[in-house]
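Okay, run.txt now, which holds compact mmCIF, C-alpha atoms:
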```txt
# COMPACT_ATOMS: atom_id res chain seq x y z
CA MET A 1458 0.00 0.00 0.00
CA SER A 1459 1.41 3.42 -0.91
CA GLU A 1460 1.89 6.11 1.70
CA THR A 1461 -0.97 8.15 0.24
CA GLU A 1462 -3.27 5.15 0.23
CA ASP A 1463 -2.17 4.34 3.76
CA MET A 1464 -3.06 7.87 4.88
CA LEU A 1465 -6.58 7.28 3.60
CA THR A 1466 -7.38 4.11 5.50
CA GLY A 1467 -7.31 5.56 8.97
CA ALA A 1468 -5.45 4.58 12.11
CA THR A 1469 -2.75 1.91 11.93
CA ALA A 1470 -2.77 -1.28 14.00
CA ASP A 1471 -0.11 0.28 16.26
CA ALA A 1472 -2.36 3.28 16.96
CA ILE A 1473 -5.36 1.04 17.68
CA GLN A 1474 -3.33 -1.21 19.96
CA TYR A 1475 -2.01 1.82 21.87
CA HIS A 1476 -5.56 2.43 23.12
CA TYR A 1477 -7.34 -0.92 23.08
CA ASP A 1478 -4.47 -3.17 24.16
CA VAL A 1479 -3.60 -1.36 27.41
CA SER A 1480 -4.76 -4.51 29.20
CA ASP A 1481 -8.00 -6.51 29.13
CA ASP A 1482 -7.93 -6.66 32.93
CA PHE A 1483 -7.77 -2.86 33.01
CA TYR A 1484 -10.89 -2.48 30.85
CA LYS A 1485 -12.67 -5.20 32.88
CA LEU A 1486 -12.36 -2.96 35.94
CA TRP A 1487 -14.60 -0.23 34.56
CA LEU A 1488 -16.56 -1.59 31.58
CA ASP A 1489 -19.73 -3.66 32.07
CA PRO A 1490 -19.53 -7.50 32.11
CA THR A 1491 -20.07 -7.70 28.31
CA MET A 1492 -16.81 -5.72 27.88
CA THR A 1493 -18.59 -3.27 25.62
CA TYR A 1494 -16.65 -0.09 24.92
CA SER A 1495 -19.14 1.92 22.88
CA CYS A 1496 -22.28 3.95 23.52
CA PRO A 1497 -25.18 1.94 24.96
CA LEU A 1498 -28.85 2.58 24.22
CA TRP A 1499 -30.79 3.58 27.28
CA GLU A 1500 -34.57 3.60 27.35
CA GLY A 1501 -35.01 4.06 31.10
CA ASP A 1502 -33.21 3.23 34.30
CA GLU A 1503 -31.78 -0.11 33.16
CA SER A 1504 -28.20 -1.08 34.01
CA LEU A 1505 -25.24 -0.30 31.78
CA GLU A 1506 -25.06 -3.97 30.78
CA GLU A 1507 -28.75 -4.07 29.81
CA ALA A 1508 -28.37 -0.83 27.85
CA GLN A 1509 -25.39 -2.28 25.96
CA ILE A 1510 -27.49 -5.30 24.96
CA LYS A 1511 -30.28 -2.96 23.81
CA LYS A 1512 -27.72 -1.22 21.64
CA TYR A 1513 -26.69 -4.54 20.04
CA ASP A 1514 -30.35 -5.42 19.44
CA HIS A 1515 -30.85 -2.01 17.81
CA HIS A 1516 -28.06 -2.65 15.30
CA ILE A 1517 -29.14 -6.24 14.65
CA ARG A 1518 -32.69 -4.98 13.99
CA GLU A 1519 -31.65 -1.99 11.84
CA SER A 1520 -29.32 -4.08 9.66
CA PHE A 1521 -31.97 -6.84 9.32
CA ALA A 1522 -29.18 -9.22 10.33
CA SER A 1523 -31.21 -11.74 12.31
CA THR A 1524 -32.62 -13.56 9.27
CA LYS A 1525 -29.45 -13.43 7.19
CA GLN A 1526 -26.73 -15.96 6.42
CA ARG A 1527 -23.57 -13.87 6.48
CA VAL A 1528 -23.00 -10.83 8.68
CA ILE A 1529 -19.88 -8.74 9.16
CA ASP A 1530 -18.99 -6.64 12.21
CA ILE A 1531 -16.31 -4.05 11.41
CA GLY A 1532 -14.38 -3.07 14.54
CA CYS A 1533 -15.93 -5.83 16.64
CA GLY A 1534 -14.34 -4.89 19.98
CA TRP A 1535 -14.35 -7.71 22.52
CA GLY A 1536 -17.09 -9.51 20.60
CA GLY A 1537 -20.23 -8.39 22.44
CA ASN A 1538 -22.20 -7.85 19.25
CA LEU A 1539 -20.97 -11.08 17.63
CA LYS A 1540 -22.01 -13.00 20.73
CA ARG A 1541 -25.46 -11.41 20.77
CA LEU A 1542 -25.83 -12.10 17.07
CA VAL A 1543 -25.03 -15.82 17.10
CA THR A 1544 -26.68 -16.63 20.43
CA THR A 1545 -30.03 -14.88 19.93
CA THR A 1546 -30.60 -15.20 16.17
CA SER A 1547 -30.21 -17.94 13.57
CA VAL A 1548 -27.28 -16.24 11.78
CA PRO A 1549 -24.91 -19.12 10.88
CA HIS A 1550 -21.87 -17.08 9.79
CA ALA A 1551 -20.62 -13.94 11.49
CA VAL A 1552 -17.26 -12.34 10.75
CA GLY A 1553 -15.57 -9.83 13.03
CA LEU A 1554 -12.68 -7.53 12.11
CA THR A 1555 -10.43 -5.90 14.67
CA LEU A 1556 -6.95 -4.41 14.77
CA SER A 1557 -6.54 -5.18 18.45
CA ALA A 1558 -4.55 -8.32 19.27
CA ASN A 1559 -6.07 -8.52 22.77
CA GLN A 1560 -9.61 -8.34 21.39
CA LEU A 1561 -8.87 -11.09 18.85
CA LYS A 1562 -7.56 -13.36 21.57
CA HIS A 1563 -10.51 -12.59 23.84
CA ILE A 1564 -13.07 -13.46 21.14
CA GLU A 1565 -11.27 -16.63 20.08
CA GLN A 1566 -11.36 -17.81 23.69
CA MET A 1567 -15.15 -17.31 23.72
CA ARG A 1568 -15.49 -20.06 21.06
CA LEU A 1569 -18.66 -18.58 19.63
CA PRO A 1570 -20.42 -20.89 17.14
CA GLY A 1571 -20.20 -19.66 13.54
CA VAL A 1572 -17.94 -16.72 14.40
CA LYS A 1573 -14.69 -16.02 12.62
CA VAL A 1574 -12.58 -13.10 13.76
CA SER A 1575 -9.62 -11.59 11.92
CA LEU A 1576 -6.86 -9.20 12.93
CA GLU A 1577 -7.40 -7.16 9.81
CA SER A 1578 -8.40 -3.75 8.54
CA TRP A 1579 -11.60 -3.41 6.54
CA ALA A 1580 -9.39 -2.08 3.73
CA ASP A 1581 -7.55 -5.41 3.46
CA HIS A 1582 -10.55 -7.68 3.96
CA LYS A 1583 -11.36 -9.92 0.99
CA PRO A 1584 -14.39 -12.10 1.72
CA GLU A 1585 -14.95 -15.35 -0.15
CA GLN A 1586 -18.60 -14.42 -0.54
CA PRO A 1587 -20.44 -11.11 -0.05
CA TYR A 1588 -22.24 -10.31 3.17
CA ASP A 1589 -25.99 -9.91 3.72
CA ALA A 1590 -25.68 -7.31 6.48
CA ALA A 1591 -23.02 -5.16 8.13
CA ILE A 1592 -22.71 -3.60 11.56
CA SER A 1593 -20.01 -1.20 12.65
CA ILE A 1594 -20.08 0.20 16.17
CA GLY A 1595 -17.54 2.74 17.33
CA ALA A 1596 -14.91 2.08 14.66
CA PHE A 1597 -15.62 4.84 12.14
CA GLU A 1598 -13.82 7.27 14.47
CA HIS A 1599 -10.59 5.55 13.41
CA PHE A 1600 -11.19 5.64 9.66
CA ALA A 1601 -9.67 9.08 9.03
CA LYS A 1602 -6.29 10.12 10.38
CA TYR A 1603 -6.06 13.20 12.56
CA GLY A 1604 -4.55 16.14 10.69
CA VAL A 1605 -5.51 15.21 7.12
CA SER A 1606 -7.33 17.80 5.00
CA GLN A 1607 -11.12 17.85 4.80
CA LYS A 1608 -10.88 16.54 1.23
CA GLU A 1609 -8.67 13.64 2.32
CA LYS A 1610 -11.01 12.93 5.21
CA ILE A 1611 -13.97 12.57 2.87
CA GLU A 1612 -11.84 10.39 0.57
CA SER A 1613 -10.94 8.16 3.53
CA TYR A 1614 -14.58 7.68 4.48
CA ARG A 1615 -15.57 7.16 0.86
CA LYS A 1616 -13.03 4.37 0.54
CA PHE A 1617 -14.77 2.68 3.46
CA PHE A 1618 -18.24 3.06 1.97
CA MET A 1619 -16.97 1.82 -1.42
CA LYS A 1620 -15.54 -1.22 0.30
CA MET A 1621 -18.81 -1.82 2.13
CA HIS A 1622 -20.71 -1.46 -1.15
CA ASP A 1623 -18.39 -4.02 -2.75
CA ILE A 1624 -18.70 -6.65 -0.03
CA LEU A 1625 -22.45 -6.36 0.61
CA VAL A 1626 -25.22 -7.91 -1.48
CA PRO A 1627 -27.80 -5.67 -3.22
CA GLY A 1628 -30.52 -4.33 -0.94
CA SER A 1629 -28.53 -4.95 2.22
CA ARG A 1630 -27.99 -2.60 5.11
CA LEU A 1631 -25.16 -1.21 7.16
CA SER A 1632 -25.98 -0.15 10.70
CA LEU A 1633 -23.30 2.35 11.67
CA GLN A 1634 -22.55 3.97 15.02
CA THR A 1635 -19.95 6.66 15.50
CA MET A 1636 -18.97 9.58 17.64
CA ALA A 1637 -19.03 12.84 15.70
CA TYR A 1638 -18.20 16.48 16.15
CA GLY A 1639 -21.24 18.48 17.14
CA SER A 1640 -21.20 22.14 18.13
CA ILE A 1641 -17.54 22.78 17.35
CA PRO A 1642 -17.05 25.37 14.63
CA ARG A 1643 -15.64 24.03 11.38
CA GLY A 1644 -12.07 25.01 10.59
CA LYS A 1645 -11.30 26.06 14.11
CA ALA A 1646 -7.94 24.77 15.26
CA TYR A 1647 -8.25 21.97 17.75
CA LYS A 1648 -6.53 23.53 20.76
CA ASP A 1649 -6.56 20.63 23.15
CA LEU A 1650 -4.40 17.94 21.55
CA PHE A 1651 -4.78 15.64 24.55
CA ILE A 1652 -7.33 13.45 22.76
CA ALA A 1653 -5.52 13.31 19.42
CA GLN A 1654 -2.13 12.67 20.95
CA GLN A 1655 -2.72 10.71 24.13
CA ILE A 1656 -6.08 8.99 23.79
CA PHE A 1657 -6.91 8.13 20.18
CA PRO A 1658 -3.72 8.65 18.14
CA GLU A 1659 -4.09 8.86 14.35
CA SER A 1660 -7.87 9.15 14.70
CA ASP A 1661 -10.43 11.89 14.26
CA PHE A 1662 -14.20 12.21 14.40
CA PRO A 1663 -16.44 12.84 11.42
CA ARG A 1664 -19.31 15.27 11.22
CA LEU A 1665 -22.76 14.10 10.19
CA ALA A 1666 -22.29 15.94 6.89
CA ASP A 1667 -19.04 14.03 6.26
CA VAL A 1668 -20.86 10.72 6.58
CA ALA A 1669 -23.60 11.90 4.21
CA GLU A 1670 -21.18 13.31 1.65
CA SER A 1671 -18.81 10.36 1.60
CA SER A 1672 -21.59 7.79 1.19
CA GLU A 1673 -23.38 9.58 -1.66
CA MET A 1674 -24.37 7.26 -4.51
CA LEU A 1675 -23.24 4.28 -2.42
CA PHE A 1676 -25.60 4.18 0.56
CA GLU A 1677 -28.83 5.97 1.30
CA VAL A 1678 -29.46 7.08 4.87
CA GLU A 1679 -32.73 5.53 6.01
CA ALA A 1680 -32.55 6.68 9.61
CA VAL A 1681 -30.27 8.70 11.82
CA ARG A 1682 -30.46 9.40 15.53
CA ASN A 1683 -28.21 11.41 17.78
CA ASP A 1684 -27.98 9.80 21.23
CA ARG A 1685 -25.29 12.04 22.69
CA MET A 1686 -26.89 12.09 26.16
CA HIS A 1687 -26.70 8.27 26.22
CA TYR A 1688 -22.96 8.61 25.80
CA ALA A 1689 -22.63 11.37 28.42
CA ARG A 1690 -24.26 8.91 30.84
CA ALA A 1691 -22.07 5.99 29.76
CA TYR A 1692 -18.83 7.98 30.03
CA ARG A 1693 -19.87 9.09 33.51
CA ALA A 1694 -20.61 5.46 34.48
CA TRP A 1695 -17.20 4.36 33.17
CA PHE A 1696 -15.54 7.28 34.99
CA ASP A 1697 -17.25 6.28 38.27
CA GLY A 1698 -16.09 2.68 37.71
CA LEU A 1699 -12.52 3.81 37.14
CA ILE A 1700 -12.51 5.97 40.28
CA GLN A 1701 -14.06 3.20 42.40
CA ASN A 1702 -11.26 0.88 41.27
CA GLU A 1703 -8.43 3.42 41.52
CA ALA A 1704 -6.14 1.29 43.67
CA LYS A 1705 -6.52 -1.78 41.44
CA VAL A 1706 -6.10 0.26 38.25
CA VAL A 1707 -2.93 1.96 39.49
CA GLU A 1708 -1.50 -1.37 40.58
CA LEU A 1709 -2.29 -2.89 37.19
CA VAL A 1710 -1.33 -0.15 34.73
CA GLY A 1711 0.31 2.61 36.79
CA GLN A 1712 -0.58 6.14 37.87
CA GLU A 1713 0.05 7.73 34.47
CA VAL A 1714 -2.52 5.56 32.66
CA PHE A 1715 -5.03 6.03 35.48
CA ASP A 1716 -4.62 9.83 35.33
CA ARG A 1717 -4.92 9.85 31.54
CA TYR A 1718 -8.13 7.80 31.49
CA LYS A 1719 -9.59 9.73 34.40
CA ARG A 1720 -9.19 12.95 32.44
CA TYR A 1721 -10.36 11.43 29.14
CA LEU A 1722 -13.52 9.81 30.52
CA ARG A 1723 -14.52 12.99 32.36
CA VAL A 1724 -13.82 15.33 29.44
CA PHE A 1725 -15.80 13.09 27.08
CA SER A 1726 -18.78 12.91 29.44
CA TYR A 1727 -18.90 16.72 29.56
CA SER A 1728 -18.37 17.01 25.81
CA PHE A 1729 -21.34 14.77 25.00
CA GLU A 1730 -23.47 16.51 27.62
CA LEU A 1731 -22.70 19.90 26.13
CA GLY A 1732 -23.17 18.76 22.54
CA ALA A 1733 -19.58 19.40 21.44
CA PHE A 1734 -19.65 15.71 20.51
CA ASP A 1735 -22.59 13.81 19.07
CA LEU A 1736 -23.31 10.09 19.01
CA LEU A 1737 -24.74 9.05 15.67
CA ARG A 1738 -26.57 5.84 14.87
CA LEU A 1739 -27.28 5.54 11.17
CA THR A 1740 -29.23 2.97 9.22
CA MET A 1741 -27.83 2.90 5.70
CA ARG A 1742 -29.07 0.93 2.72
CA ARG A 1743 -26.82 -0.09 -0.16
CA ILE A 1744 -27.74 1.80 -3.33
CA ASP A 1745 -28.12 -0.68 -6.14
CA LEU A 1746 -28.23 1.68 -9.11
CA PRO A 1747 -25.10 1.76 -11.25
CA ARG A 1748 -22.79 3.99 -9.27
CA LYS A 1749 -20.24 6.61 -10.17
CA SER A 1750 -17.27 6.92 -7.87
CA MET B 813 4.79 27.31 32.64
CA LYS B 814 5.83 23.67 32.44
CA ALA B 815 3.27 20.87 32.86
CA ALA B 816 4.82 19.78 36.18
CA GLU B 817 4.62 23.32 37.59
CA LEU B 818 1.00 23.62 36.49
CA LEU B 819 0.16 20.29 38.11
CA ASN B 820 1.88 21.42 41.29
CA MET B 821 -0.18 24.62 41.26
CA LYS B 822 -3.36 22.58 40.76
CA THR B 823 -2.51 20.30 43.69
CA LYS B 824 -2.05 23.32 45.96
CA VAL B 825 -5.35 24.88 44.85
CA LYS B 826 -7.08 21.55 45.39
CA GLN B 827 -5.79 21.41 48.98
CA ASN B 828 -7.00 24.93 49.75
CA VAL B 829 -9.57 26.31 47.30
CA THR B 830 -9.52 30.10 47.19
CA GLU B 831 -10.85 32.50 44.59
CA GLU B 832 -7.39 33.90 43.99
CA GLY B 833 -5.78 30.46 43.69
CA LEU B 834 -8.44 29.32 41.19
CA ARG B 835 -8.00 32.51 39.12
CA LEU B 836 -4.26 32.07 38.94
CA TRP B 837 -4.47 28.39 38.05
CA MET B 838 -7.14 29.03 35.39
CA ALA B 839 -5.13 31.80 33.73
CA ASN B 840 -2.04 29.62 33.61
CA TYR B 841 -3.95 26.54 32.43
CA LEU B 842 -5.66 28.44 29.61
CA ALA B 843 -2.44 30.20 28.62
CA LYS B 844 -0.66 26.87 28.29
CA GLU B 845 -3.48 25.32 26.27
CA MET B 846 -3.81 28.37 24.01
CA LYS B 847 -0.02 28.71 23.77
CA ILE B 848 0.07 32.34 24.91
CA ASP B 849 1.68 34.11 27.85
CA PRO B 850 -0.44 34.14 31.06
CA SER B 851 0.04 37.93 31.20
CA GLU B 852 -2.06 38.17 28.02
CA ILE B 853 -5.10 36.79 29.82
CA ALA B 854 -7.22 39.30 31.76
CA VAL B 855 -9.60 37.87 34.36
CA ASP B 856 -12.36 40.31 33.43
CA VAL B 857 -12.31 39.67 29.67
CA GLU B 858 -14.70 37.12 28.20
CA LEU B 859 -12.96 33.88 27.29
CA SER B 860 -14.59 34.00 23.86
CA GLN B 861 -12.27 36.92 23.09
CA TYR B 862 -9.40 34.45 23.20
CA ASP B 863 -8.96 31.29 21.17
CA PHE B 864 -11.34 29.48 23.51
CA ASP B 865 -13.51 26.75 22.04
CA SER B 866 -15.92 24.12 23.32
CA VAL B 867 -13.21 21.45 23.49
CA LEU B 868 -11.13 23.68 25.75
CA ALA B 869 -14.24 24.60 27.73
CA MET B 870 -14.92 20.92 28.45
CA SER B 871 -11.29 20.29 29.26
CA ILE B 872 -11.18 23.06 31.86
CA THR B 873 -14.58 22.08 33.30
CA ALA B 874 -13.25 18.56 33.82
CA GLU B 875 -10.15 19.96 35.55
CA LEU B 876 -12.32 22.16 37.77
CA GLU B 877 -14.42 19.15 38.75
CA ASP B 878 -11.19 17.44 39.77
CA ILE B 879 -10.15 20.41 41.90
CA LEU B 880 -13.53 20.96 43.54
CA GLY B 881 -14.59 17.32 43.82
CA ARG B 882 -18.11 17.88 42.51
CA LYS B 883 -19.92 17.47 39.19
CA LEU B 884 -20.31 20.78 37.36
CA SER B 885 -22.60 22.04 34.61
CA PRO B 886 -21.17 21.64 31.08
CA THR B 887 -22.40 25.17 30.31
CA LEU B 888 -20.44 26.65 33.21
CA ALA B 889 -17.85 28.46 31.07
CA TYR B 890 -20.65 29.92 28.95
CA ASN B 891 -22.87 31.04 31.84
CA TYR B 892 -19.89 32.65 33.59
CA PRO B 893 -17.79 33.79 30.63
CA THR B 894 -14.87 35.49 32.42
CA ILE B 895 -12.34 33.95 34.81
CA GLU B 896 -13.46 36.43 37.47
CA GLN B 897 -17.15 35.51 37.18
CA LEU B 898 -16.42 31.79 36.95
CA THR B 899 -14.16 31.60 40.00
CA ALA B 900 -16.52 33.79 42.07
CA HIS B 901 -19.40 31.45 41.23
CA LEU B 902 -17.38 28.33 42.02
CA VAL B 903 -16.13 29.58 45.37
CA GLN B 904 -19.65 30.57 46.39
CA GLY B 905 -20.46 26.89 45.79
```

Any chance you could put this one into structure tokens?
Amino acid sequence: MSETEDMLTGATADAIQYHYDVSDDFYKLWLDPTMTYSCPLWEGDESLEEAQIKKYDHHIRESFASTKQRVIDIGCGWGGNLKRLVTTTSVPHAVGLTLSANQLKHIEQMRLPGVKVSLESWADHKPEQPYDAAISIGAFEHFAKYGVSQKEKIESYRKFFMKMHDILVPGSRLSLQTMAYGSIPRGKAYKDLFIAQQIFPESDFPRLADVAESSEMLFEVEAVRNDRMHYARAYRAWFDGLIQNEAKVVELVGQEVFDRYKRYLRVFSYSFELGAFDLLRLTMRRIDLPRKS
Amino acid sequence: MKAAELLNMKTKVKQNVTEEGLRLWMANYLAKEMKIDPSEIAVDVELSQYDFDSVLAMSITAELEDILGRKLSPTLAYNYPTIEQLTAHLVQG
């Protein structure tokens, strides 16, 4: 892959592993028992774990995955969605892609029936047969590198949607969830580099308009919801979990990592509460007309 | 001001929260984040007059929560737009 092409496929495996491979035991201390590290879907006063399962059910429903044969999960985390998919529906083949070595190992140890997981970028994935449905939860944030131009950012996202179009059958759906910039003025220099440098290196958020523009003529947006307050609540719950387990966390990963995550989880909770960040859930249907890229 | 000095200042303010201590820490924190000299920040000038955006607003609100030990409103820096107004409000509790 050329350097230019590489710039347009988002964060590298090293950058992903910097964040997600801190230690599984570390994440276990403040995530819910399903090890889900993405925005849940709250409908009331249910627990974080129940809200995470509701989120999985939302994506399974929106992608019409439950009656399909082959489903792909791009950025499958620790396998929560794959598990829900193959244990509550009749889906016989589910494929998960991750760039995190720890997540791959974790999912393989779960021995989920019909699940195949690969340490692979979506850009390199070459399926033997196309998929009937796709779900991607909390991975899109890593599909454009921080610091690229707006034009390059759109090109990066478009490469993803072109790939999805290529590997999905006609009429199929992609249920996509991503953090996004909300009420932050366009073009304004990002003053606090803490997130870009110390939390999610090589990654950047899209805006809703970026998703719409980059998927034009490839996917139509059937539904979109912004659940930013769900994420403000989740980040606060994770923050509380981290603080409650301070001694164990420090012993496991050290004071520096504890301090970094403490700041990150709190800043993100405030940012979603204010609306500086949004949480988008989009239902997208593959456009089957002859396309022009 | 170096990161270690700023952290040291924050620790002292946390141990004994005063309006003056908060003002000084805020001016130095913002100056570092905006890459300007602390002397360029006036406590009675609205933060929007500087290169202050919502990301920085959330960052400083999170830091203030850490100092004060209580959850704050995300609109704090907008409702009290100068360092003077903000610190006065926070010290009043």

Checklist entry - chain B residues within 12 Å of chain A, counting only C-alpha atoms: which ones, as a PyMOL selection string? => result chain B and resi 819+841-848+862-878+882-890

Checklist entry - atom CA of Val855 of chain B to atom CA of Ala815 of chain B: how many Å, to one decimal? => result 21.4 Å

Please provide as a PDB file with C-alpha atoms, keeping the file's coordinate frame all residues within 7 Å of Glu1577 of chain A, with the sequence filter that same-chain residues fewer than 5 positions apart are discarded (counting only C-alpha atoms).
```
ATOM      1  CA  LEU A1554     -12.680  -7.530  12.110  1.00  0.00           C
ATOM      2  CA  THR A1555     -10.430  -5.900  14.670  1.00  0.00           C
ATOM      3  CA  LEU A1556      -6.950  -4.410  14.770  1.00  0.00           C
ATOM      4  CA  HIS A1582     -10.550  -7.680   3.960  1.00  0.00           C
TER       5      HIS A1582
END
```

Checklist entry - Interatomic distance between atom CA of Ala1680 of chain A and atom CA of Leu1633 of chain A? => result 10.4 Å

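Atom pair atom CA of Arg1630 of chain A / atom CA of Ser1523 of chain A has a distance of 12.1 Å (rounded to one decimal).
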
Next on the checklist: Give me the residues near Ser1671 of chain A as a PyMOL selection string, where near means some atom within 10 Å (using all atoms listed in the file) and where sequence neighbours in that chain fewer than 2 positions away do not count.
Outcome noted: chain A and resi 1610-1619+1666-1669+1673-1676

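Counting only C-alpha atoms, the residue from A:Ala1558, A:Val1626, A:Ala1468, A:Ile1510 that sits nearest to Val1528 of chain A is A:Val1626.
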
Put a box with edges along x, y and z around all the listed atoms of segment 1492-1496 of chain A, pad it by 3 Å on each side, then give me its centre and sizes in Å, one decimal, as AutoDock Vina command-line options.
```
--center_x -19.5 --center_y -0.9 --center_z 25.4 --size_x 11.6 --size_y 15.7 --size_z 11.0
```

Item to check | Selection near segment 1477-1490 of chain A, 6 Å with all atoms listed in the file, sequence-local residues under 6 positions removed, as a ChimeraX atom specification | outcome: /A:1506,1559,1695,1698-1699

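Every polymer residue reaching to within 10 Å of (-20.4, -15.8, 3.3), counting all atoms listed in the file, appears in this list: Gln1526, Arg1527, Val1528, Ile1529, Pro1549, His1550, Ala1551, Val1552, Pro1584, Glu1585, Gln1586, Pro1587, Tyr1588, Asp1589 and Ile1624 of chain A.
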
Next on the checklist: With only C-alpha atoms as the counted atoms, please give the residues lying no more than 8 Å from Lys822 of chain B, apart from itself and same-chain residues fewer than 3 positions off, as a ChimeraX atom specification.
Outcome noted: /B:818-819,825-826,837,879

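Among the candidates A:Leu1625, A:Leu1737, A:Ile1473, A:Ala1691, the one nearest to Trp1499 of chain A when counting only C-alpha atoms is A:Ala1691.
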
Regenerate segment 1493-1504 of chain A at the level of N, CA and C atoms and dump it as an mmCIF file, in the coordinates of the input.
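In the end it all went to out_31.cif:
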```cif
data_model
loop_
_atom_site.group_PDB
_atom_site.id
_atom_site.type_symbol
_atom_site.label_atom_id
_atom_site.label_comp_id
_atom_site.auth_asym_id
_atom_site.auth_seq_id
_atom_site.Cartn_x
_atom_site.Cartn_y
_atom_site.Cartn_z
ATOM 1 N N THR A 1493 -18.191 -4.107 26.740
ATOM 2 C CA THR A 1493 -18.590 -3.270 25.620
ATOM 3 C C THR A 1493 -18.072 -1.853 25.808
ATOM 4 N N TYR A 1494 -17.304 -1.406 24.824
ATOM 5 C CA TYR A 1494 -16.650 -0.090 24.920
ATOM 6 C C TYR A 1494 -17.185 0.808 23.802
ATOM 7 N N SER A 1495 -18.502 1.004 23.833
ATOM 8 C CA SER A 1495 -19.140 1.920 22.880
ATOM 9 C C SER A 1495 -20.453 2.377 23.512
ATOM 10 N N CYS A 1496 -21.100 3.339 22.890
ATOM 11 C CA CYS A 1496 -22.280 3.950 23.520
ATOM 12 C C CYS A 1496 -23.450 2.976 23.604
ATOM 13 N N PRO A 1497 -24.001 2.795 24.801
ATOM 14 C CA PRO A 1497 -25.180 1.940 24.960
ATOM 15 C C PRO A 1497 -26.453 2.647 24.476
ATOM 16 N N LEU A 1498 -27.566 1.958 24.566
ATOM 17 C CA LEU A 1498 -28.850 2.580 24.220
ATOM 18 C C LEU A 1498 -29.757 2.451 25.437
ATOM 19 N N TRP A 1499 -29.971 3.577 26.078
ATOM 20 C CA TRP A 1499 -30.790 3.580 27.280
ATOM 21 C C TRP A 1499 -32.220 3.968 26.946
ATOM 22 N N GLU A 1500 -33.159 3.226 27.518
ATOM 23 C CA GLU A 1500 -34.570 3.600 27.350
ATOM 24 C C GLU A 1500 -35.178 4.013 28.677
ATOM 25 N N GLY A 1501 -34.496 3.735 29.764
ATOM 26 C CA GLY A 1501 -35.010 4.060 31.100
ATOM 27 C C GLY A 1501 -33.901 3.962 32.112
ATOM 28 N N ASP A 1502 -34.215 3.290 33.241
ATOM 29 C CA ASP A 1502 -33.210 3.230 34.300
ATOM 30 C C ASP A 1502 -32.507 1.873 34.357
ATOM 31 N N GLU A 1503 -32.448 1.190 33.185
ATOM 32 C CA GLU A 1503 -31.780 -0.110 33.160
ATOM 33 C C GLU A 1503 -30.284 0.039 33.426
ATOM 34 N N SER A 1504 -29.643 -1.094 33.712
ATOM 35 C CA SER A 1504 -28.200 -1.080 34.010
ATOM 36 C C SER A 1504 -27.409 -0.818 32.740
#
```
